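Novice: One file is attached below, target-v6.pdb, containing PDB, C-alpha atoms and all ligand atoms.
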ATOM      1  CA  MET A  50      12.792  18.484  15.543  1.00  0.00           C
ATOM      2  CA  ASN A  51      13.223  17.821  19.232  1.00  0.00           C
ATOM      3  CA  PRO A  52      10.139  15.935  20.468  1.00  0.00           C
ATOM      4  CA  ALA A  53      10.194  17.941  23.697  1.00  0.00           C
ATOM      5  CA  TRP A  54       9.634  21.285  21.964  1.00  0.00           C
ATOM      6  CA  GLU A  55       6.669  23.337  22.971  1.00  0.00           C
ATOM      7  CA  VAL A  56       4.083  24.333  20.390  1.00  0.00           C
ATOM      8  CA  ALA A  57       3.112  27.931  21.114  1.00  0.00           C
ATOM      9  CA  GLU A  58       0.033  29.706  19.810  1.00  0.00           C
ATOM     10  CA  GLY A  59       1.002  32.395  17.326  1.00  0.00           C
ATOM     11  CA  SER A  60       4.152  30.621  16.201  1.00  0.00           C
ATOM     12  CA  VAL A  61       4.676  29.985  12.502  1.00  0.00           C
ATOM     13  CA  TYR A  62       6.048  26.680  11.245  1.00  0.00           C
ATOM     14  CA  ARG A  63       7.348  25.541   7.897  1.00  0.00           C
ATOM     15  CA  MET A  64       6.037  22.134   6.839  1.00  0.00           C
ATOM     16  CA  ARG A  65       7.763  19.340   4.971  1.00  0.00           C
ATOM     17  CA  ARG A  66       5.086  19.350   2.291  1.00  0.00           C
ATOM     18  CA  GLN A  67       3.725  22.252   0.321  1.00  0.00           C
ATOM     19  CA  HIS A  68       0.053  23.117   0.741  1.00  0.00           C
ATOM     20  CA  PRO A  69      -1.934  22.850  -2.536  1.00  0.00           C
ATOM     21  CA  CYS A  70      -2.262  26.650  -2.497  1.00  0.00           C
ATOM     22  CA  GLY A  71       1.514  26.940  -2.840  1.00  0.00           C
ATOM     23  CA  GLY A  72       2.212  27.911   0.768  1.00  0.00           C
ATOM     24  CA  TRP A  73       4.657  26.286   3.150  1.00  0.00           C
ATOM     25  CA  GLU A  74       4.052  28.111   6.417  1.00  0.00           C
ATOM     26  CA  TRP A  75       1.315  27.635   9.008  1.00  0.00           C
ATOM     27  CA  ARG A  76       0.430  29.672  12.080  1.00  0.00           C
ATOM     28  CA  VAL A  77      -0.618  27.879  15.266  1.00  0.00           C
ATOM     29  CA  LEU A  78      -4.091  29.001  16.385  1.00  0.00           C
ATOM     30  CA  ARG A  79      -4.693  26.536  19.176  1.00  0.00           C
ATOM     31  CA  THR A  80      -2.689  23.949  21.057  1.00  0.00           C
ATOM     32  CA  GLY A  81      -3.676  20.859  23.013  1.00  0.00           C
ATOM     33  CA  ALA A  82      -4.212  17.242  22.035  1.00  0.00           C
ATOM     34  CA  ASP A  83      -4.963  18.626  18.575  1.00  0.00           C
ATOM     35  CA  ILE A  84      -3.149  21.523  16.988  1.00  0.00           C
ATOM     36  CA  GLY A  85      -5.215  24.132  15.166  1.00  0.00           C
ATOM     37  CA  LEU A  86      -3.383  25.637  12.216  1.00  0.00           C
ATOM     38  CA  GLU A  87      -3.972  28.340   9.636  1.00  0.00           C
ATOM     39  CA  CYS A  88      -2.145  28.433   6.319  1.00  0.00           C
ATOM     40  CA  THR A  89      -0.432  31.819   6.127  1.00  0.00           C
ATOM     41  CA  THR A  90      -0.917  31.881   2.343  1.00  0.00           C
ATOM     42  CA  CYS A  91      -4.579  30.928   1.817  1.00  0.00           C
ATOM     43  CA  GLN A  92      -5.882  31.214   5.425  1.00  0.00           C
ATOM     44  CA  ARG A  93      -7.364  27.729   5.287  1.00  0.00           C
ATOM     45  CA  ARG A  94      -7.730  26.224   8.762  1.00  0.00           C
ATOM     46  CA  VAL A  95      -7.090  22.634   9.742  1.00  0.00           C
ATOM     47  CA  GLU A  96      -6.693  20.577  12.879  1.00  0.00           C
ATOM     48  CA  LEU A  97      -4.029  17.920  13.260  1.00  0.00           C
ATOM     49  CA  GLU A  98      -3.275  15.457  16.017  1.00  0.00           C
ATOM     50  CA  ARG A  99      -0.171  16.667  17.798  1.00  0.00           C
ATOM     51  CA  ARG A 100       1.775  13.618  16.698  1.00  0.00           C
ATOM     52  CA  LYS A 101       0.879  14.193  13.045  1.00  0.00           C
ATOM     53  CA  PHE A 102       1.719  17.852  13.337  1.00  0.00           C
ATOM     54  CA  GLU A 103       5.129  17.060  14.809  1.00  0.00           C
ATOM     55  CA  SER A 104       5.876  14.596  12.015  1.00  0.00           C
ATOM     56  CA  ARG A 105       4.988  17.169   9.347  1.00  0.00           C
ATOM     57  CA  VAL A 106       6.848  20.148  10.725  1.00  0.00           C
ATOM     58  CA  LYS A 107      10.206  20.965   9.256  1.00  0.00           C
ATOM     59  CA  ALA A 108      11.197  24.060  11.175  1.00  0.00           C
ATOM     60  CA  LEU A 109      10.013  26.878  13.397  1.00  0.00           C
ATOM     61  CA  VAL A 110       9.912  30.030  11.301  1.00  0.00           C
ATOM     62  CA  ARG A 111       8.870  32.618  13.852  1.00  0.00           C
ATOM     63  CA  ASN A 112       7.905  32.594  17.479  1.00  0.00           C
ATOM     64  CA  ASP A 113       5.629  35.507  18.319  1.00  0.00           C
ATOM     65  CA  GLN A 114       5.718  34.901  22.050  1.00  0.00           C
TER      66      GLN A 114
HETATM   67 ZN    ZN B   1      -2.713  27.184   1.868  1.00  0.00          ZN
END
Would you write out, as structure tokens, the structure that this file holds?
Ligand SMILES: [Zn+2]
Specialist:
Amino acid sequence: MNPAWEVAEGSVYRMRRQHPCGGWEWRVLRTGADIGLECTTCQRRVELERRKFESRVKALVRNDQ
């Protein structure tokens, strides 16, 4: 994806790798130097460095803003 894209809270992203629960999509809970994410399938929460997040994202699924 374009490195200049903005990560918006509430947006849902599809990742390149499947979560162990079987889900692919994550909702952004918090943005900043780290990105807070919640799996939309199992509701597990994680934090990723922005750079890691950007490298793992495949596509924006939905932008709620
Ligand atoms: Zn999950």
Novice: For the structure shown, which residues end up in the PyMOL selection byres (((not hetatm)) within 6 of (chain B and resi 1))? Put them as number ranges by chain, please?
Specialist: A: 68, 70, 72, 88, 90-91, 93
Novice: To one decimal in Å, tell me the separation between atom CA of Ser60 of chain A and atom CA of Leu78 of chain A.
Specialist: 8.4 Å
Novice: Which residues are close to Arg99 of chain A, i.e. within 8 Å by only C-alpha atoms, leaving aside same-chain residues fewer than 6 positions away? Reply as a PyMOL selection string.
Specialist: chain A and resi 81-84
Novice: For Val95 of chain A, work out the shell of residues within 7 Å, counting all atoms listed in the file and skipping chain neighbours fewer than 5 positions away, then give it as a VMD selection string.
Specialist: chain A and resid 85 to 87
Novice: As JSON, please report the centre and edge lengths, rounded to one decimal in Å, of the axis-aligned box that holds all listed atoms of segment 97-107 of chain A with 5 Å of padding on each of the six sides.
Specialist:
{"center_x": 3.1, "center_y": 17.3, "center_z": 13.5, "size_x": 24.2, "size_y": 17.3, "size_z": 18.5}
Novice: Given the choices A:Met64, A:Gly59, A:Arg111, A:Arg94, which gets closest to Val77 of chain A if the distance is worked out from only C-alpha atoms?
Specialist: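 Going through A:Met64, A:Gly59, A:Arg111, A:Arg94 one by one, the smallest distance to Val77 of chain A is for A:Gly59.
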